[in-house]
Structures are given as C-alpha cells and as structure tokens.
Amino acid sequence: MKKHVVLYKVLQPAVLALLKEHFELAEFDGLGTADRPDVAAALARAQGLIGMAGRIDAALIARAPRLEAVSTISVGYDAIDLDALNARGILLSNTPEVLTETTADTAFLLILGVARRVAELAQWLKDGNWKRPVGAEQYGVDVHGKTLGIVGMGRIGSALARRAALGFGMRVLYTARSPKPEVESGLGAQRRELDTLLRESDFVCVLAPLTAQTRHLIGAAELARMKSGAFLINAARGAIVDEHALIAALRQGRIAGAGLDVFEQEPLAPDSPLLAMPNVLALPHIGSATLETRHAMELCATRNLIDALAGRRPRYLVNQQAFAAQR
C-alpha cells in the first residue's frame, strides 16, 4: 500500500508524476491553511511532507502523528523546527548541491547590478531621460580588480569566489568557521575575521546559513565598519542582515548601496523603504529560480523522500541522529 504524502508546492509535471507513482498524494499550494479541514485531514494521515517555503513548526508537526519524513525543496531549513522533528525521529532532507551554480550566478548578478547601477539606469532610460551621452551622474564603479568579501564559504561561496577570482580578477576574502584550503590554494582567497573583511572589501556578499548565531550578524556596527563606497550583497537569508540597520546605513550614505535577493519578511512589503532607494537592487528571492535548477531541486527532494519512506538513508539527510534512531 502506498504511503500518504502531503505536497505543499506546485511541481513540474514530470516530478509530480514520479511522486504519484510512489505515494498517495494530497496537493496544496502552501501549508498556511493548516486549519482548513481538508489540510488538517491530510496532515493527520501524512507520513511524508514535501515542498518549498512556509513554516513547519512544532504545532504543525503535532498535527501529523504518523509523520516519518520531511523533504524540503531548498538548501536552507531555518523555517523548519528541527528540534521538533528530532524529538520524534522524523527525517529531514534538503537539496544542497543542485542549486550551487545558479545561486552563485544570482549573487554575482547582484554585484554587477549594483556596481553598474543597472536597475536605476534602466528605469532612467525608460523614463525618457537619455537625451545626451551619459555623464558622471550616471557612472558606476568597476568590479574587476576589486576586493570581494564573502561571509560564509560553503558550496555557493566557493562557486562565487571562483567567478570573482578567475572571471574578474578580484581579490577574495572570506569568513568561515574553519579554513578552506581549496579556495586558498586554487583561488588565492584569504581568510579574515569579519571586522577585517568588512573594512577591506569593496563588495561584501552574505552567503552564510541562517542560525541563531548568524541572525542579524550584519547590524549597525558591522555596516559602520564597511567602506563608504562599498556595497552589501545578501543572497542567503534576509534575517542575517538587520534590515532596519541597513535602511538607516543607506539613508545616511554610510555604504554605497545594496543588492538584495532576500529579506527579513517575504514577500517584501510594497511600501518598504528599500524599494524607493535608487541604490538598492532588489529581487524577489530568485536565487535558484531557473527552469533547470528548480526541476533538479524538485527531483532531488522527491528522491530524498522516496528513499526516506522506503527505509533507506536519503542522499541529503540533515538530521543523521533521527535516521540512526529509526534503525
């Protein structure tokens, strides 16, 4: 008999067909309606959950007494109560490798975009302001040869460092819990303490995971240490940057600008001051949003769930102790 799975994201047809081949599927567009009778009934039967975004907290997990596994279509799992899963021996898997290159592309897009004022000048052109050759008022700054500071040298950080060092001749600095010999020897990257990295970098790119330790890692004090001509890039999680402090720093001209793909509250409110600032390039969390990468993420998450509910260790298992407890 097929196991019961709740799907809380619209999937591409081929991946959806694979899920239906293995499971009895209840499909919803998000889990924000967990109080609805049909959602509550599906959770009560669910042995697996699979989807993207939305909070899976202890209260929701308690509504699923038969739950064995959660498969998130993402790298990050900060919106999932891992302690509540571990307490019941529920497996959590994610999709860490398949989105590395695409997200690094997005991060570098933000670097180039803020440096050359792409969004601002595209709108300036559309508004009919191009009546003579551009002058100093429209100048941007170079990226090649500058210093890039990467906060969090994981897979995506390493991919970004490769683009910066080999493609644009940038000097690369990084912070990480441990040294990364491969990026140091292969790309000439240099490990720094955060304060030093902030002082020396022309572009500071946040690519760390969101944890209790990294929440508001970049606040008013950290922004004050950056060069006045430097740019902050966040392609990780919005809450790593204190958004109120960032808005204040931008208003005061303490930094030159920001490129943001993530925000503390998503979707970003239309009246956010960030959207009114010409020196902010804001994107709607598109880091992995390409057809190819999202298909790969969905397929990876589906395979994780198939393995988990068949009693096999998923390839990308987050909580190893839960799997050991099931043995």
# chains A, B, ... in the order shown; residues from 1 in each chain; ligands from 1
>>> residues_around(residues="Val10 (chain A)", least_positions_apart="4", cutoff="9 Å", atoms="only C-alpha atoms", output="list in words")
Leu16, Glu27, Phe28, Asp29, Gly30 and Gly51 of chain A
>>> residues_around(residues="region 42-44 of chain A", least_positions_apart="4", cutoff="8 Å", atoms="only C-alpha atoms", output="short mmCIF file (atom, residue, chain, number, x, y, z; two decimals) with N, CA and C atoms, in the first residue's frame")
data_model
loop_
_atom_site.label_atom_id
_atom_site.label_comp_id
_atom_site.auth_asym_id
_atom_site.auth_seq_id
_atom_site.Cartn_x
_atom_site.Cartn_y
_atom_site.Cartn_z
N VAL A 6 1.90 14.66 1.84
CA VAL A 6 1.34 15.98 1.59
C VAL A 6 2.36 16.80 0.80
N ALA A 26 -1.67 14.22 -1.43
CA ALA A 26 -2.61 15.31 -1.17
C ALA A 26 -1.89 16.59 -1.53
N ASP A 38 -9.69 20.13 5.12
CA ASP A 38 -9.04 19.20 4.19
C ASP A 38 -7.53 19.12 4.42
N ARG A 63 0.29 18.06 14.36
CA ARG A 63 -0.92 17.69 13.61
C ARG A 63 -0.72 16.48 12.71
N ALA A 64 0.52 16.02 12.62
CA ALA A 64 0.86 14.89 11.74
C ALA A 64 1.45 13.75 12.57
N PRO A 65 0.62 13.01 13.29
CA PRO A 65 1.13 11.99 14.22
C PRO A 65 1.82 10.81 13.54
N ARG A 66 1.58 10.62 12.24
CA ARG A 66 2.19 9.50 11.52
C ARG A 66 3.43 9.92 10.73
#
>>> select_by_dssp(residues="region 68-212 of chain A", states="strand (DSSP E or B)", output="list in words")
Ala69, Val70, Ser71, Thr72, Ile80, Leu91, Leu92, Ser93, Thr147, Leu148, Gly149, Ile150, Val151, Arg171, Val172, Leu173, Tyr174, Thr175, Gln190, Arg191, Phe203, Val204, Cys205 and Val206 of chain A
>>> closest_residue(among="A:Glu120, A:Glu222, A:Asp242, A:Asp307", to="Gly257 (chain A)", atoms="only C-alpha atoms")
A:Glu120
>>> select_by_dssp(residues="region 177-281 of chain A", states="alpha helix (DSSP H)", output="PDB file with N, CA and C atoms, in the first residue's frame")
ATOM      1  N   PRO A 181      41.177  25.334   2.563  1.00  0.00           N
ATOM      2  CA  PRO A 181      42.433  25.259   1.801  1.00  0.00           C
ATOM      3  C   PRO A 181      42.239  25.244   0.298  1.00  0.00           C
ATOM      4  N   GLU A 182      41.116  24.648  -0.163  1.00  0.00           N
ATOM      5  CA  GLU A 182      40.924  24.526  -1.605  1.00  0.00           C
ATOM      6  C   GLU A 182      40.722  25.879  -2.273  1.00  0.00           C
ATOM      7  N   VAL A 183      40.003  26.809  -1.613  1.00  0.00           N
ATOM      8  CA  VAL A 183      39.818  28.130  -2.220  1.00  0.00           C
ATOM      9  C   VAL A 183      41.047  29.012  -1.985  1.00  0.00           C
ATOM     10  N   GLU A 184      41.793  28.730  -0.958  1.00  0.00           N
ATOM     11  CA  GLU A 184      43.012  29.496  -0.714  1.00  0.00           C
ATOM     12  C   GLU A 184      44.090  29.139  -1.733  1.00  0.00           C
ATOM     13  N   SER A 185      44.292  27.834  -1.952  1.00  0.00           N
ATOM     14  CA  SER A 185      45.338  27.421  -2.895  1.00  0.00           C
ATOM     15  C   SER A 185      44.908  27.607  -4.343  1.00  0.00           C
ATOM     16  N   GLY A 186      43.643  27.329  -4.638  1.00  0.00           N
ATOM     17  CA  GLY A 186      43.185  27.392  -6.023  1.00  0.00           C
ATOM     18  C   GLY A 186      42.825  28.779  -6.498  1.00  0.00           C
ATOM     19  N   LEU A 187      42.365  29.653  -5.583  1.00  0.00           N
ATOM     20  CA  LEU A 187      41.865  30.964  -5.992  1.00  0.00           C
ATOM     21  C   LEU A 187      42.573  32.117  -5.299  1.00  0.00           C
ATOM     22  N   LEU A 194      35.634  38.742  10.621  1.00  0.00           N
ATOM     23  CA  LEU A 194      34.569  39.514   9.992  1.00  0.00           C
ATOM     24  C   LEU A 194      34.884  41.009   9.979  1.00  0.00           C
ATOM     25  N   ASP A 195      35.343  41.558  11.098  1.00  0.00           N
ATOM     26  CA  ASP A 195      35.603  43.000  11.146  1.00  0.00           C
ATOM     27  C   ASP A 195      36.625  43.424  10.104  1.00  0.00           C
ATOM     28  N   THR A 196      37.668  42.624   9.946  1.00  0.00           N
ATOM     29  CA  THR A 196      38.703  42.951   8.957  1.00  0.00           C
ATOM     30  C   THR A 196      38.156  42.844   7.548  1.00  0.00           C
ATOM     31  N   LEU A 197      37.391  41.805   7.300  1.00  0.00           N
ATOM     32  CA  LEU A 197      36.784  41.629   5.976  1.00  0.00           C
ATOM     33  C   LEU A 197      35.907  42.827   5.629  1.00  0.00           C
ATOM     34  N   LEU A 198      35.110  43.291   6.581  1.00  0.00           N
ATOM     35  CA  LEU A 198      34.225  44.426   6.324  1.00  0.00           C
ATOM     36  C   LEU A 198      35.015  45.683   5.989  1.00  0.00           C
ATOM     37  N   ARG A 199      36.107  45.894   6.665  1.00  0.00           N
ATOM     38  CA  ARG A 199      36.913  47.102   6.438  1.00  0.00           C
ATOM     39  C   ARG A 199      37.636  47.083   5.094  1.00  0.00           C
ATOM     40  N   GLU A 200      38.002  45.888   4.623  1.00  0.00           N
ATOM     41  CA  GLU A 200      38.842  45.791   3.430  1.00  0.00           C
ATOM     42  C   GLU A 200      38.064  45.580   2.133  1.00  0.00           C
ATOM     43  N   ALA A 220      24.107  47.337  12.681  1.00  0.00           N
ATOM     44  CA  ALA A 220      24.579  48.719  12.559  1.00  0.00           C
ATOM     45  C   ALA A 220      26.090  48.822  12.741  1.00  0.00           C
ATOM     46  N   ALA A 221      26.629  48.105  13.728  1.00  0.00           N
ATOM     47  CA  ALA A 221      28.075  48.195  13.982  1.00  0.00           C
ATOM     48  C   ALA A 221      28.876  47.652  12.806  1.00  0.00           C
ATOM     49  N   GLU A 222      28.402  46.555  12.231  1.00  0.00           N
ATOM     50  CA  GLU A 222      29.117  45.942  11.104  1.00  0.00           C
ATOM     51  C   GLU A 222      29.027  46.827   9.865  1.00  0.00           C
ATOM     52  N   LEU A 223      27.870  47.396   9.605  1.00  0.00           N
ATOM     53  CA  LEU A 223      27.713  48.279   8.455  1.00  0.00           C
ATOM     54  C   LEU A 223      28.594  49.518   8.593  1.00  0.00           C
ATOM     55  N   ALA A 224      28.771  49.978   9.833  1.00  0.00           N
ATOM     56  CA  ALA A 224      29.614  51.148  10.069  1.00  0.00           C
ATOM     57  C   ALA A 224      31.079  50.858   9.788  1.00  0.00           C
ATOM     58  N   ARG A 225      31.468  49.593   9.832  1.00  0.00           N
ATOM     59  CA  ARG A 225      32.872  49.230   9.569  1.00  0.00           C
ATOM     60  C   ARG A 225      33.173  49.134   8.077  1.00  0.00           C
ATOM     61  N   GLU A 243      17.652  44.499   8.847  1.00  0.00           N
ATOM     62  CA  GLU A 243      17.122  45.317   7.756  1.00  0.00           C
ATOM     63  C   GLU A 243      16.950  46.777   8.164  1.00  0.00           C
ATOM     64  N   HIS A 244      16.520  47.031   9.393  1.00  0.00           N
ATOM     65  CA  HIS A 244      16.365  48.419   9.855  1.00  0.00           C
ATOM     66  C   HIS A 244      17.712  49.122   9.873  1.00  0.00           C
ATOM     67  N   ALA A 245      18.738  48.408  10.319  1.00  0.00           N
ATOM     68  CA  ALA A 245      20.083  48.993  10.330  1.00  0.00           C
ATOM     69  C   ALA A 245      20.578  49.252   8.911  1.00  0.00           C
ATOM     70  N   LEU A 246      20.261  48.350   7.998  1.00  0.00           N
ATOM     71  CA  LEU A 246      20.669  48.535   6.607  1.00  0.00           C
ATOM     72  C   LEU A 246      19.986  49.750   6.001  1.00  0.00           C
ATOM     73  N   ILE A 247      18.700  49.898   6.237  1.00  0.00           N
ATOM     74  CA  ILE A 247      17.965  51.059   5.716  1.00  0.00           C
ATOM     75  C   ILE A 247      18.583  52.357   6.249  1.00  0.00           C
ATOM     76  N   ALA A 248      18.894  52.366   7.536  1.00  0.00           N
ATOM     77  CA  ALA A 248      19.500  53.559   8.130  1.00  0.00           C
ATOM     78  C   ALA A 248      20.870  53.852   7.504  1.00  0.00           C
ATOM     79  N   ALA A 249      21.677  52.803   7.308  1.00  0.00           N
ATOM     80  CA  ALA A 249      23.008  52.996   6.724  1.00  0.00           C
ATOM     81  C   ALA A 249      22.910  53.521   5.301  1.00  0.00           C
ATOM     82  N   LEU A 250      21.946  53.048   4.541  1.00  0.00           N
ATOM     83  CA  LEU A 250      21.763  53.514   3.173  1.00  0.00           C
ATOM     84  C   LEU A 250      21.283  54.969   3.150  1.00  0.00           C
ATOM     85  N   ARG A 251      20.347  55.285   4.035  1.00  0.00           N
ATOM     86  CA  ARG A 251      19.832  56.655   4.094  1.00  0.00           C
ATOM     87  C   ARG A 251      20.931  57.642   4.483  1.00  0.00           C
TER      88      ARG A 251
END
>>> closest_residue(among="A:Lys180, A:Gln321, A:Gly113, A:Met153", to="Ala87 (chain A)", atoms="only C-alpha atoms")
A:Gln321
>>> residues_around(residues="Ser93 (chain A)", least_positions_apart="4", cutoff="12 Å", atoms="only C-alpha atoms", output="MDAnalysis selection string")
chainID A and resid 48:52 68:77 80 82 85 297 300:309 313:320 322:323
>>> closest_residue(among="A:Ala325, A:Ser272, A:Ala41, A:Pro179", to="Asn86 (chain A)", atoms="only C-alpha atoms")
A:Ala325
>>> closest_residue(among="A:Asp202, A:Ala239, A:Leu232, A:Ala122", to="His216 (chain A)", atoms="only C-alpha atoms")
A:Ala239
